file model36.cif (mmCIF, C-alpha atoms)
data_final
loop_
_atom_site.group_PDB
_atom_site.id
_atom_site.type_symbol
_atom_site.label_atom_id
_atom_site.label_comp_id
_atom_site.auth_asym_id
_atom_site.auth_seq_id
_atom_site.Cartn_x
_atom_site.Cartn_y
_atom_site.Cartn_z
ATOM 1 C CA MET A 48 20.417 229.849 281.586
ATOM 2 C CA SER A 49 22.718 231.833 279.298
ATOM 3 C CA HIS A 50 25.714 230.334 281.096
ATOM 4 C CA LEU A 51 24.407 226.814 280.431
ATOM 5 C CA ILE A 52 23.889 227.615 276.749
ATOM 6 C CA ALA A 53 27.447 228.938 276.469
ATOM 7 C CA MET A 54 28.791 225.797 278.147
ATOM 8 C CA ARG A 55 26.748 223.564 275.821
ATOM 9 C CA GLN A 56 28.166 225.372 272.789
ATOM 10 C CA ARG A 57 31.685 225.022 274.130
ATOM 11 C CA LEU A 58 31.160 221.303 274.708
ATOM 12 C CA LYS A 59 30.061 220.880 271.091
ATOM 13 C CA ALA A 60 33.116 222.799 269.888
ATOM 14 C CA ILE A 61 35.476 220.604 271.940
ATOM 15 C CA GLU A 62 33.763 217.455 270.657
ATOM 16 C CA THR A 63 34.278 218.676 267.076
ATOM 17 C CA ILE A 64 37.958 219.385 267.757
ATOM 18 C CA LYS A 65 38.306 215.940 269.312
ATOM 19 C CA LYS A 66 36.896 214.304 266.165
ATOM 20 C CA ILE A 67 39.380 216.227 263.995
ATOM 21 C CA THR A 68 42.422 215.425 266.146
ATOM 22 C CA SER A 69 41.363 211.790 266.405
ATOM 23 C CA ALA A 70 41.002 211.534 262.617
ATOM 24 C CA MET A 71 44.396 213.176 262.059
ATOM 25 C CA ARG A 72 45.927 210.788 264.568
ATOM 26 C CA LEU A 73 44.605 207.780 262.664
ATOM 27 C CA ILE A 74 45.722 209.173 259.293
ATOM 28 C CA SER A 75 49.248 209.870 260.560
ATOM 29 C CA ARG A 76 49.484 206.419 262.097
ATOM 30 C CA SER A 77 48.317 204.817 258.858
ATOM 31 C CA PHE A 78 50.872 206.775 256.778
ATOM 32 C CA HIS A 79 53.648 205.939 259.226
ATOM 33 C CA THR A 80 52.840 202.204 259.219
ATOM 34 C CA ARG A 81 52.860 202.006 255.422
ATOM 35 C CA MET A 82 56.079 204.027 255.130
ATOM 36 C CA ASN A 83 57.820 202.070 257.875
ATOM 37 C CA LYS A 84 57.366 198.856 255.876
ATOM 38 C CA ARG A 85 59.318 200.449 253.006
ATOM 39 C CA LYS A 86 62.042 201.763 255.307
ATOM 40 C CA ILE A 87 63.671 198.347 255.801
ATOM 41 C CA ALA A 88 64.222 197.871 252.063
ATOM 42 C CA LEU A 89 65.397 201.477 251.671
ATOM 43 C CA ASP A 90 67.960 201.175 254.489
ATOM 44 C CA SER A 91 69.188 197.888 253.054
ATOM 45 C CA TYR A 92 69.645 199.409 249.589
ATOM 46 C CA HIS A 93 71.493 202.457 250.909
ATOM 47 C CA THR A 94 73.788 200.312 253.059
ATOM 48 C CA GLY A 95 74.472 197.993 250.132
ATOM 49 C CA VAL A 96 75.411 200.851 247.787
ATOM 50 C CA GLN A 97 77.596 202.449 250.460
ATOM 51 C CA THR A 98 79.413 199.183 251.216
ATOM 52 C CA LEU A 99 80.003 198.381 247.559
ATOM 53 C CA PHE A 100 81.261 201.900 246.870
ATOM 54 C CA GLU A 101 83.745 201.820 249.750
ATOM 55 C CA LYS A 102 84.926 198.337 248.772
ATOM 56 C CA LEU A 103 85.524 199.316 245.160
ATOM 57 C CA LYS A 104 87.155 202.609 246.191
ATOM 58 C CA LYS A 105 90.003 200.569 247.660
ATOM 59 C CA HIS A 106 90.825 199.390 244.133
ATOM 60 C CA SER A 107 91.074 202.914 242.734
ATOM 61 C CA SER A 108 92.792 205.357 245.054
ATOM 62 C CA LYS A 109 93.278 207.810 242.149
ATOM 63 C CA TRP A 110 89.535 208.214 241.550
ATOM 64 C CA ASP A 111 88.737 211.875 242.348
ATOM 65 C CA PRO A 112 86.185 213.451 239.945
ATOM 66 C CA GLU A 113 85.669 217.174 240.436
ATOM 67 C CA LEU A 114 81.964 216.786 241.209
ATOM 68 C CA PHE A 115 82.615 214.735 244.338
ATOM 69 C CA PHE A 116 86.039 216.196 245.218
ATOM 70 C CA PRO A 117 85.767 219.864 244.155
ATOM 71 C CA GLN A 118 88.969 221.881 243.973
ATOM 72 C CA THR A 119 87.380 225.329 243.627
ATOM 73 C CA VAL A 120 89.310 228.311 244.956
ATOM 74 C CA ARG A 121 86.182 230.246 245.897
ATOM 75 C CA PRO A 122 83.734 228.424 248.148
ATOM 76 C CA LYS A 123 80.307 227.788 246.693
ATOM 77 C CA GLU A 124 78.007 226.084 249.162
ATOM 78 C CA LEU A 125 74.586 224.487 248.864
ATOM 79 C CA TYR A 126 72.304 223.881 251.842
ATOM 80 C CA ILE A 127 69.336 221.550 251.366
ATOM 81 C CA ILE A 128 67.026 222.176 254.327
ATOM 82 C CA ILE A 129 64.152 219.749 254.865
ATOM 83 C CA GLY A 130 61.321 220.514 257.280
ATOM 84 C CA ALA A 131 57.705 219.573 257.846
ATOM 85 C CA GLN A 132 55.236 220.099 255.034
ATOM 86 C CA LYS A 133 52.341 220.762 257.409
ATOM 87 C CA GLY A 134 51.887 221.929 260.973
ATOM 88 C CA LEU A 135 50.298 220.278 263.994
ATOM 89 C CA CYS A 136 53.324 218.068 264.595
ATOM 90 C CA GLY A 137 54.461 219.310 267.999
ATOM 91 C CA ASN A 138 58.064 220.431 268.366
ATOM 92 C CA TYR A 139 59.255 218.520 265.286
ATOM 93 C CA ASN A 140 60.584 221.731 263.679
ATOM 94 C CA ALA A 141 61.995 223.195 266.892
ATOM 95 C CA GLU A 142 65.633 222.197 266.330
ATOM 96 C CA LEU A 143 65.476 223.179 262.664
ATOM 97 C CA THR A 144 64.112 226.598 263.622
ATOM 98 C CA TYR A 145 66.891 227.066 266.182
ATOM 99 C CA TRP A 146 69.554 226.009 263.649
ATOM 100 C CA ILE A 147 68.320 228.490 261.019
ATOM 101 C CA LYS A 148 68.326 231.280 263.602
ATOM 102 C CA LYS A 149 71.834 230.358 264.782
ATOM 103 C CA GLN A 150 73.265 230.000 261.252
ATOM 104 C CA ARG A 151 71.510 233.024 259.763
ATOM 105 C CA ALA A 152 74.713 234.985 259.070
ATOM 106 C CA GLU A 153 76.316 232.015 257.310
ATOM 107 C CA LEU A 154 73.180 231.298 255.270
ATOM 108 C CA ASP A 155 73.001 234.927 254.171
ATOM 109 C CA ALA A 156 76.436 234.800 252.518
ATOM 110 C CA LYS A 157 76.692 235.561 248.793
ATOM 111 C CA GLN A 158 78.175 232.203 247.847
ATOM 112 C CA VAL A 159 75.534 230.157 249.668
ATOM 113 C CA THR A 160 72.528 228.678 247.860
ATOM 114 C CA ILE A 161 69.571 227.427 249.891
ATOM 115 C CA ILE A 162 67.001 224.886 248.766
ATOM 116 C CA ALA A 163 63.948 224.708 251.018
ATOM 117 C CA ILE A 164 61.828 221.565 251.084
ATOM 118 C CA GLY A 165 58.668 221.653 253.135
ATOM 119 C CA LYS A 166 56.289 224.546 253.699
ATOM 120 C CA LYS A 167 57.417 225.136 257.272
ATOM 121 C CA THR A 168 61.054 225.441 256.191
ATOM 122 C CA HIS A 169 60.181 228.127 253.664
ATOM 123 C CA GLU A 170 58.112 230.037 256.222
ATOM 124 C CA GLU A 171 60.954 229.978 258.745
ATOM 125 C CA LEU A 172 63.496 231.191 256.187
ATOM 126 C CA LYS A 173 61.177 234.056 255.208
ATOM 127 C CA LYS A 174 61.014 235.172 258.848
ATOM 128 C CA HIS A 175 64.773 235.726 258.738
ATOM 129 C CA ASN A 176 64.680 237.347 255.276
ATOM 130 C CA LEU A 177 66.620 234.485 253.714
ATOM 131 C CA SER A 178 65.989 233.778 250.054
ATOM 132 C CA ALA A 179 65.708 230.154 248.990
ATOM 133 C CA GLN A 180 64.651 228.041 246.075
ATOM 134 C CA VAL A 181 61.469 226.229 247.063
ATOM 135 C CA LEU A 182 60.788 222.791 245.627
ATOM 136 C CA GLU A 183 57.578 220.799 245.482
ATOM 137 C CA GLU A 184 55.525 219.678 248.425
ATOM 138 C CA LEU A 185 57.087 216.894 250.446
ATOM 139 C CA LYS A 186 54.791 213.906 249.919
ATOM 140 C CA VAL A 187 55.254 210.191 249.427
ATOM 141 C CA GLY A 188 54.319 210.527 245.762
ATOM 142 C CA THR A 189 56.798 213.353 245.101
ATOM 143 C CA LEU A 190 59.868 211.717 246.689
ATOM 144 C CA PRO A 191 61.320 210.280 243.437
ATOM 145 C CA LEU A 192 60.797 213.545 241.535
ATOM 146 C CA LEU A 193 62.263 215.631 244.369
ATOM 147 C CA THR A 194 65.327 213.397 244.547
ATOM 148 C CA ASP A 195 65.891 213.562 240.786
ATOM 149 C CA THR A 196 65.490 217.345 240.856
ATOM 150 C CA LEU A 197 68.085 217.697 243.620
ATOM 151 C CA ILE A 198 70.517 215.387 241.832
ATOM 152 C CA ASN A 199 70.126 217.441 238.667
ATOM 153 C CA LEU A 200 70.729 220.730 240.519
ATOM 154 C CA ILE A 201 73.889 219.367 242.131
ATOM 155 C CA THR A 202 75.415 217.648 239.095
ATOM 156 C CA THR A 203 74.693 220.408 236.541
ATOM 157 C CA ALA A 204 75.954 223.340 238.636
ATOM 158 C CA LYS A 205 78.833 225.224 237.022
ATOM 159 C CA PRO A 206 81.197 225.572 238.738
ATOM 160 C CA TYR A 207 80.497 222.615 240.988
ATOM 161 C CA TYR A 208 79.502 223.241 244.588
ATOM 162 C CA SER A 209 82.457 223.114 246.961
ATOM 163 C CA HIS A 210 80.180 221.859 249.749
ATOM 164 C CA VAL A 211 76.692 220.348 249.772
ATOM 165 C CA LYS A 212 75.055 219.907 253.157
ATOM 166 C CA LEU A 213 71.773 218.249 254.038
ATOM 167 C CA ILE A 214 69.839 219.586 257.042
ATOM 168 C CA TYR A 215 66.922 217.500 258.297
ATOM 169 C CA SER A 216 65.358 215.627 261.220
ATOM 170 C CA ALA A 217 64.969 211.858 261.232
ATOM 171 C CA PRO A 218 63.281 209.465 263.665
ATOM 172 C CA GLU A 219 65.565 207.484 265.941
ATOM 173 C CA SER A 220 62.482 205.711 267.225
ATOM 174 C CA PHE A 221 58.764 206.372 266.983
ATOM 175 C CA PHE A 222 58.901 208.836 269.874
ATOM 176 C CA VAL A 223 62.419 210.266 269.465
ATOM 177 C CA HIS A 224 63.742 212.422 266.601
ATOM 178 C CA ARG A 225 67.287 213.557 265.945
ATOM 179 C CA PHE A 226 68.477 216.629 264.064
ATOM 180 C CA HIS A 227 71.106 215.867 261.404
ATOM 181 C CA THR A 228 73.633 217.927 259.454
ATOM 182 C CA LEU A 229 74.868 215.574 256.755
ATOM 183 C CA PRO A 230 77.721 216.616 254.399
ATOM 184 C CA LEU A 231 77.112 215.098 250.946
ATOM 185 C CA ILE A 232 79.937 216.747 249.022
ATOM 186 C CA PRO A 233 82.898 216.541 249.116
ATOM 187 C CA PHE A 234 83.166 212.804 249.681
ATOM 188 C CA ALA A 235 85.390 211.828 252.580
ATOM 189 C CA GLN A 236 88.967 211.291 251.432
ATOM 190 C CA GLU A 237 90.354 208.008 252.684
ATOM 191 C CA SER A 238 93.764 206.525 252.069
ATOM 192 C CA HIS A 239 93.482 202.995 250.734
ATOM 193 C CA THR A 240 96.114 200.565 249.624
ATOM 194 C CA ALA A 241 95.575 198.426 246.583
ATOM 195 C CA ASP A 242 93.543 195.350 247.422
ATOM 196 C CA THR A 243 92.953 192.631 244.896
ATOM 197 C CA GLU A 244 91.465 189.906 247.036
ATOM 198 C CA ASP A 245 88.257 189.962 245.046
ATOM 199 C CA GLY A 246 89.215 188.856 241.557
ATOM 200 C CA SER A 247 85.821 189.751 240.105
ATOM 201 C CA LEU A 248 86.362 193.378 240.989
ATOM 202 C CA SER A 249 89.901 193.539 239.691
ATOM 203 C CA LEU A 250 88.773 192.337 236.252
ATOM 204 C CA ASN A 251 86.619 195.426 235.720
ATOM 205 C CA ASN A 252 87.486 199.090 235.368
ATOM 206 C CA PRO A 253 86.957 200.570 238.863
ATOM 207 C CA GLN A 254 86.930 204.164 237.547
ATOM 208 C CA THR A 255 83.854 203.610 235.373
ATOM 209 C CA ILE A 256 81.956 201.673 238.016
ATOM 210 C CA LEU A 257 82.823 204.170 240.741
ATOM 211 C CA ASP A 258 81.313 207.031 238.727
ATOM 212 C CA LYS A 259 78.026 205.156 238.567
ATOM 213 C CA LEU A 260 78.144 204.035 242.190
ATOM 214 C CA ALA A 261 78.933 207.562 243.402
ATOM 215 C CA HIS A 262 75.781 208.885 241.714
ATOM 216 C CA MET A 263 73.784 205.983 243.168
ATOM 217 C CA ARG A 264 75.206 206.720 246.607
ATOM 218 C CA LEU A 265 74.278 210.395 246.367
ATOM 219 C CA HIS A 266 70.797 209.527 245.098
ATOM 220 C CA ALA A 267 70.248 206.998 247.908
ATOM 221 C CA ALA A 268 71.392 209.465 250.592
ATOM 222 C CA LEU A 269 69.051 212.199 249.339
ATOM 223 C CA TYR A 270 66.069 209.870 248.947
ATOM 224 C CA GLU A 271 66.605 208.352 252.389
ATOM 225 C CA ALA A 272 66.840 211.788 254.031
ATOM 226 C CA LEU A 273 63.612 212.949 252.362
ATOM 227 C CA PHE A 274 61.903 209.685 253.280
ATOM 228 C CA ASN A 275 63.038 209.776 256.915
ATOM 229 C CA SER A 276 62.052 213.419 257.275
ATOM 230 C CA LEU A 277 58.535 212.649 256.072
ATOM 231 C CA LEU A 278 58.397 209.544 258.263
ATOM 232 C CA GLY A 279 59.418 211.593 261.301
ATOM 233 C CA GLU A 280 56.810 214.236 260.505
ATOM 234 C CA GLN A 281 54.062 211.596 260.511
ATOM 235 C CA SER A 282 55.124 210.089 263.843
ATOM 236 C CA ALA A 283 55.482 213.567 265.393
ATOM 237 C CA ARG A 284 51.996 214.508 264.183
ATOM 238 C CA PHE A 285 50.558 211.292 265.613
ATOM 239 C CA ILE A 286 52.096 212.048 269.012
ATOM 240 C CA ALA A 287 50.826 215.647 268.935
ATOM 241 C CA MET A 288 47.307 214.663 267.848
ATOM 242 C CA ASP A 289 47.175 211.798 270.344
ATOM 243 C CA GLY A 290 48.020 214.237 273.121
ATOM 244 C CA ALA A 291 45.424 216.722 271.842
ATOM 245 C CA THR A 292 42.763 213.983 271.742
ATOM 246 C CA ARG A 293 43.571 212.914 275.297
ATOM 247 C CA ASN A 294 43.413 216.522 276.492
ATOM 248 C CA ALA A 295 40.067 216.988 274.742
ATOM 249 C CA ASN A 296 38.707 213.874 276.482
ATOM 250 C CA SER A 297 39.890 215.123 279.854
ATOM 251 C CA LEU A 298 38.430 218.585 279.271
ATOM 252 C CA LEU A 299 35.121 217.117 278.107
ATOM 253 C CA GLU A 300 34.806 214.993 281.251
ATOM 254 C CA THR A 301 35.486 217.995 283.496
ATOM 255 C CA MET A 302 33.133 220.305 281.595
ATOM 256 C CA LYS A 303 30.324 217.733 281.413
ATOM 257 C CA LEU A 304 30.527 217.239 285.163
ATOM 258 C CA GLU A 305 30.413 220.992 285.730
ATOM 259 C CA TYR A 306 27.600 221.382 283.194
ATOM 260 C CA ASN A 307 25.485 218.659 284.876
ATOM 261 C CA LYS A 308 26.028 220.213 288.297
ATOM 262 C CA LEU A 309 24.915 223.637 287.095
ATOM 263 C CA ARG A 310 21.960 222.133 285.243
ATOM 264 C CA GLN A 311 20.886 220.159 288.297
ATOM 265 C CA ALA A 312 21.244 223.248 290.498
ATOM 266 C CA LYS A 313 19.101 225.204 288.043
ATOM 267 C CA ILE A 314 16.389 222.516 288.097
ATOM 268 C CA THR A 315 16.487 222.326 291.898
ATOM 269 C CA LYS A 316 16.126 226.095 292.160
ATOM 270 C CA GLU A 317 13.108 226.106 289.848
ATOM 271 C CA LEU A 318 11.445 223.281 291.822
ATOM 272 C CA THR A 319 12.072 225.139 295.068
ATOM 273 C CA GLU A 320 10.410 228.243 293.644
ATOM 274 C CA LEU A 321 7.399 226.209 292.507
ATOM 275 C CA THR A 322 6.913 224.389 295.859
ATOM 276 C CA PRO A 323 5.151 227.313 297.714
ATOM 277 C CA ASN A 324 2.613 227.569 294.904
ATOM 278 C CA PHE A 325 1.623 223.907 295.320
ATOM 279 C CA GLN A 326 1.287 224.354 299.096
ATOM 280 C CA ASN A 327 -1.111 227.261 298.618
#

call {"tool": "encode", "arguments": {"input": "model36.cif", "output": "structure tokens"}}
result
Amino acid sequence: MSHLIAMRQRLKAIETIKKITSAMRLISRSFHTRMNKRKIALDSYHTGVQTLFEKLKKHSSKWDPELFFPQTVRPKELYIIIGAQKGLCGNYNAELTYWIKKQRAELDAKQVTIIAIGKKTHEELKKHNLSAQVLEELKVGTLPLLTDTLINLITTAKPYYSHVKLIYSAPESFFVHRFHTLPLIPFAQESHTADTEDGSLSLNNPQTILDKLAHMRLHAALYEALFNSLLGEQSARFIAMDGATRNANSLLETMKLEYNKLRQAKITKELTELTPNFQN
């Protein structure tokens, strides 16, 4: 009887876990669906800014502000590492964890500043005794503020950072994620010849417009990386919770079958013991 009671308690516990994983699966799916609708407009905006910047850059080959093309003698690097805010998202942080472990010596250098975004990133850095500036929680509502904060940290640094690198994971599809190391600064130097096909562009001052577009480009790249990282976290959590729910269902079916067999055997045994008494 005690064995049956223990099995009944375990069944209730698994059913409770199943309800939690199922609810988390639905929440993650809902978040992902809403965010994915915004992704199309975000990608379009980023592509548009990038295209316009590159087109205008052809009209001003001498444009090289120190912020975007630093000429510092001593290297001063900034790593912005974005990871999951919460757990229960499978192996989403696996590549990030491996990268931090592999690059530990480089990250521990005196001239390297680390900004950690996401609770899991901070926890992983602490395991390797790496100090980092931790920003707010990574949520949909905090994306604009986080982006503005990062832009401010980059543009107000004195001297300017010689290199700014963005480390994050982004979804290639709903089920596949890719780890990215994106250099933000310095901008890629490209040799362009003067091009005046577009008269509307040649009438304006490319230097002034490029300054504005460069900041817009940097802002768009940071916002898109934060957005994609959060989007990937939601899809990874859905996959993990969907698998956990399926496993819970399978385990419940097996345990219920075993529980019913034991219960039936117990009833049969009691009836067998009572039969001689009826015969007497």

call {"tool": "residues_near_point", "arguments": {"input": "model36.cif", "point": "(80.6, 219.8, 249.0)", "cutoff": "9 Å", "atoms": "only C-alpha atoms", "output": "PDB file with C-alpha atoms, keeping the file's coordinate frame"}}
result
ATOM      1  CA  LEU A 114      81.964 216.786 241.209  1.00  0.00           C
ATOM      2  CA  PHE A 115      82.615 214.735 244.338  1.00  0.00           C
ATOM      3  CA  PHE A 116      86.039 216.196 245.218  1.00  0.00           C
ATOM      4  CA  PRO A 117      85.767 219.864 244.155  1.00  0.00           C
ATOM      5  CA  LYS A 123      80.307 227.788 246.693  1.00  0.00           C
ATOM      6  CA  GLU A 124      78.007 226.084 249.162  1.00  0.00           C
ATOM      7  CA  LEU A 125      74.586 224.487 248.864  1.00  0.00           C
ATOM      8  CA  TYR A 207      80.497 222.615 240.988  1.00  0.00           C
ATOM      9  CA  TYR A 208      79.502 223.241 244.588  1.00  0.00           C
ATOM     10  CA  SER A 209      82.457 223.114 246.961  1.00  0.00           C
ATOM     11  CA  HIS A 210      80.180 221.859 249.749  1.00  0.00           C
ATOM     12  CA  VAL A 211      76.692 220.348 249.772  1.00  0.00           C
ATOM     13  CA  LYS A 212      75.055 219.907 253.157  1.00  0.00           C
ATOM     14  CA  PRO A 230      77.721 216.616 254.399  1.00  0.00           C
ATOM     15  CA  LEU A 231      77.112 215.098 250.946  1.00  0.00           C
ATOM     16  CA  ILE A 232      79.937 216.747 249.022  1.00  0.00           C
ATOM     17  CA  PRO A 233      82.898 216.541 249.116  1.00  0.00           C
ATOM     18  CA  PHE A 234      83.166 212.804 249.681  1.00  0.00           C
TER      19      PHE A 234
END

call {"tool": "closest_residue", "arguments": {"input": "model36.cif", "among": "A:Gln132, A:Thr322, A:Thr202, A:Thr94", "to": "A:Leu182", "atoms": "all atoms listed in the file"}}
result
A:Gln132

call {"tool": "axis_aligned_box", "arguments": {"input": "model36.cif", "around": "stretch 147-157 of chain A", "padding_each_side": "8 Å", "output": "lines of an AutoDock Vina configuration file"}}
result
center_x = 72.5
center_y = 232.0
center_z = 256.8
size_x = 24.4
size_y = 23.1
size_z = 32.0

call {"tool": "atom_distance", "arguments": {"input": "model36.cif", "atom1": "atom CA of A:Lys65", "atom2": "atom CA of A:Asp289"}}
result
9.8 Å

call {"tool": "atom_distance", "arguments": {"input": "model36.cif", "atom1": "atom CA of A:Leu103", "atom2": "atom CA of A:Asp90"}}
result
20.0 Å

call {"tool": "build_atoms", "arguments": {"input": "model36.cif", "residues": "stretch 191-221 of chain A", "atoms": "N, CA and C atoms", "output": "PDB file, in the frame of the given file"}}
result
ATOM      1  N   PRO A 191      60.408 210.551 244.563  1.00  0.00           N
ATOM      2  CA  PRO A 191      61.320 210.280 243.437  1.00  0.00           C
ATOM      3  C   PRO A 191      61.631 211.527 242.611  1.00  0.00           C
ATOM      4  N   LEU A 192      60.602 212.333 242.334  1.00  0.00           N
ATOM      5  CA  LEU A 192      60.797 213.545 241.535  1.00  0.00           C
ATOM      6  C   LEU A 192      61.675 214.551 242.275  1.00  0.00           C
ATOM      7  N   LEU A 193      61.449 214.715 243.570  1.00  0.00           N
ATOM      8  CA  LEU A 193      62.263 215.631 244.369  1.00  0.00           C
ATOM      9  C   LEU A 193      63.731 215.203 244.376  1.00  0.00           C
ATOM     10  N   THR A 194      63.947 213.904 244.533  1.00  0.00           N
ATOM     11  CA  THR A 194      65.327 213.397 244.547  1.00  0.00           C
ATOM     12  C   THR A 194      66.010 213.637 243.209  1.00  0.00           C
ATOM     13  N   ASP A 195      65.317 213.350 242.123  1.00  0.00           N
ATOM     14  CA  ASP A 195      65.891 213.562 240.786  1.00  0.00           C
ATOM     15  C   ASP A 195      66.184 215.042 240.542  1.00  0.00           C
ATOM     16  N   THR A 196      65.287 215.902 241.028  1.00  0.00           N
ATOM     17  CA  THR A 196      65.490 217.345 240.856  1.00  0.00           C
ATOM     18  C   THR A 196      66.736 217.807 241.607  1.00  0.00           C
ATOM     19  N   LEU A 197      66.909 217.328 242.827  1.00  0.00           N
ATOM     20  CA  LEU A 197      68.085 217.697 243.620  1.00  0.00           C
ATOM     21  C   LEU A 197      69.369 217.183 242.981  1.00  0.00           C
ATOM     22  N   ILE A 198      69.339 215.955 242.506  1.00  0.00           N
ATOM     23  CA  ILE A 198      70.517 215.387 241.832  1.00  0.00           C
ATOM     24  C   ILE A 198      70.882 216.233 240.614  1.00  0.00           C
ATOM     25  N   ASN A 199      69.879 216.633 239.866  1.00  0.00           N
ATOM     26  CA  ASN A 199      70.126 217.441 238.667  1.00  0.00           C
ATOM     27  C   ASN A 199      70.720 218.798 239.029  1.00  0.00           C
ATOM     28  N   LEU A 200      70.208 219.426 240.095  1.00  0.00           N
ATOM     29  CA  LEU A 200      70.729 220.730 240.519  1.00  0.00           C
ATOM     30  C   LEU A 200      72.181 220.631 240.979  1.00  0.00           C
ATOM     31  N   ILE A 201      72.523 219.535 241.622  1.00  0.00           N
ATOM     32  CA  ILE A 201      73.889 219.367 242.131  1.00  0.00           C
ATOM     33  C   ILE A 201      74.859 219.052 241.003  1.00  0.00           C
ATOM     34  N   THR A 202      74.481 218.134 240.124  1.00  0.00           N
ATOM     35  CA  THR A 202      75.415 217.648 239.095  1.00  0.00           C
ATOM     36  C   THR A 202      75.573 218.603 237.919  1.00  0.00           C
ATOM     37  N   THR A 203      74.608 219.496 237.686  1.00  0.00           N
ATOM     38  CA  THR A 203      74.693 220.408 236.541  1.00  0.00           C
ATOM     39  C   THR A 203      75.196 221.796 236.922  1.00  0.00           C
ATOM     40  N   ALA A 204      75.465 222.022 238.200  1.00  0.00           N
ATOM     41  CA  ALA A 204      75.954 223.340 238.636  1.00  0.00           C
ATOM     42  C   ALA A 204      77.339 223.603 238.061  1.00  0.00           C
ATOM     43  N   LYS A 205      77.536 224.815 237.566  1.00  0.00           N
ATOM     44  CA  LYS A 205      78.833 225.224 237.022  1.00  0.00           C
ATOM     45  C   LYS A 205      79.236 226.563 237.636  1.00  0.00           C
ATOM     46  N   PRO A 206      80.346 226.692 238.319  1.00  0.00           N
ATOM     47  CA  PRO A 206      81.197 225.572 238.738  1.00  0.00           C
ATOM     48  C   PRO A 206      80.506 224.689 239.766  1.00  0.00           C
ATOM     49  N   TYR A 207      81.095 223.532 240.028  1.00  0.00           N
ATOM     50  CA  TYR A 207      80.497 222.615 240.988  1.00  0.00           C
ATOM     51  C   TYR A 207      80.508 223.224 242.393  1.00  0.00           C
ATOM     52  N   TYR A 208      79.557 222.773 243.197  1.00  0.00           N
ATOM     53  CA  TYR A 208      79.502 223.241 244.588  1.00  0.00           C
ATOM     54  C   TYR A 208      80.706 222.698 245.361  1.00  0.00           C
ATOM     55  N   SER A 209      81.323 223.557 246.137  1.00  0.00           N
ATOM     56  CA  SER A 209      82.457 223.114 246.961  1.00  0.00           C
ATOM     57  C   SER A 209      81.971 222.294 248.155  1.00  0.00           C
ATOM     58  N   HIS A 210      80.770 222.606 248.641  1.00  0.00           N
ATOM     59  CA  HIS A 210      80.180 221.859 249.749  1.00  0.00           C
ATOM     60  C   HIS A 210      78.669 221.742 249.530  1.00  0.00           C
ATOM     61  N   VAL A 211      78.140 220.571 249.785  1.00  0.00           N
ATOM     62  CA  VAL A 211      76.692 220.348 249.772  1.00  0.00           C
ATOM     63  C   VAL A 211      76.325 219.720 251.103  1.00  0.00           C
ATOM     64  N   LYS A 212      75.445 220.390 251.836  1.00  0.00           N
ATOM     65  CA  LYS A 212      75.055 219.907 253.157  1.00  0.00           C
ATOM     66  C   LYS A 212      73.554 219.684 253.219  1.00  0.00           C
ATOM     67  N   LEU A 213      73.174 218.628 253.898  1.00  0.00           N
ATOM     68  CA  LEU A 213      71.773 218.249 254.038  1.00  0.00           C
ATOM     69  C   LEU A 213      71.360 218.464 255.491  1.00  0.00           C
ATOM     70  N   ILE A 214      70.321 219.266 255.694  1.00  0.00           N
ATOM     71  CA  ILE A 214      69.839 219.586 257.042  1.00  0.00           C
ATOM     72  C   ILE A 214      68.435 219.017 257.193  1.00  0.00           C
ATOM     73  N   TYR A 215      68.241 218.127 258.144  1.00  0.00           N
ATOM     74  CA  TYR A 215      66.922 217.500 258.297  1.00  0.00           C
ATOM     75  C   TYR A 215      66.819 216.817 259.660  1.00  0.00           C
ATOM     76  N   SER A 216      65.604 216.406 260.007  1.00  0.00           N
ATOM     77  CA  SER A 216      65.358 215.627 261.220  1.00  0.00           C
ATOM     78  C   SER A 216      64.887 214.242 260.809  1.00  0.00           C
ATOM     79  N   ALA A 217      65.338 213.241 261.540  1.00  0.00           N
ATOM     80  CA  ALA A 217      64.969 211.858 261.232  1.00  0.00           C
ATOM     81  C   ALA A 217      64.598 211.143 262.527  1.00  0.00           C
ATOM     82  N   PRO A 218      63.682 210.183 262.451  1.00  0.00           N
ATOM     83  CA  PRO A 218      63.281 209.465 263.665  1.00  0.00           C
ATOM     84  C   PRO A 218      64.321 208.441 264.104  1.00  0.00           C
ATOM     85  N   GLU A 219      64.703 208.514 265.357  1.00  0.00           N
ATOM     86  CA  GLU A 219      65.565 207.484 265.941  1.00  0.00           C
ATOM     87  C   GLU A 219      64.706 206.332 266.428  1.00  0.00           C
ATOM     88  N   SER A 220      63.520 206.680 266.880  1.00  0.00           N
ATOM     89  CA  SER A 220      62.482 205.711 267.225  1.00  0.00           C
ATOM     90  C   SER A 220      61.159 206.415 266.963  1.00  0.00           C
ATOM     91  N   PHE A 221      60.067 205.754 267.255  1.00  0.00           N
ATOM     92  CA  PHE A 221      58.764 206.372 266.983  1.00  0.00           C
ATOM     93  C   PHE A 221      58.570 207.655 267.795  1.00  0.00           C
TER      94      PHE A 221
END
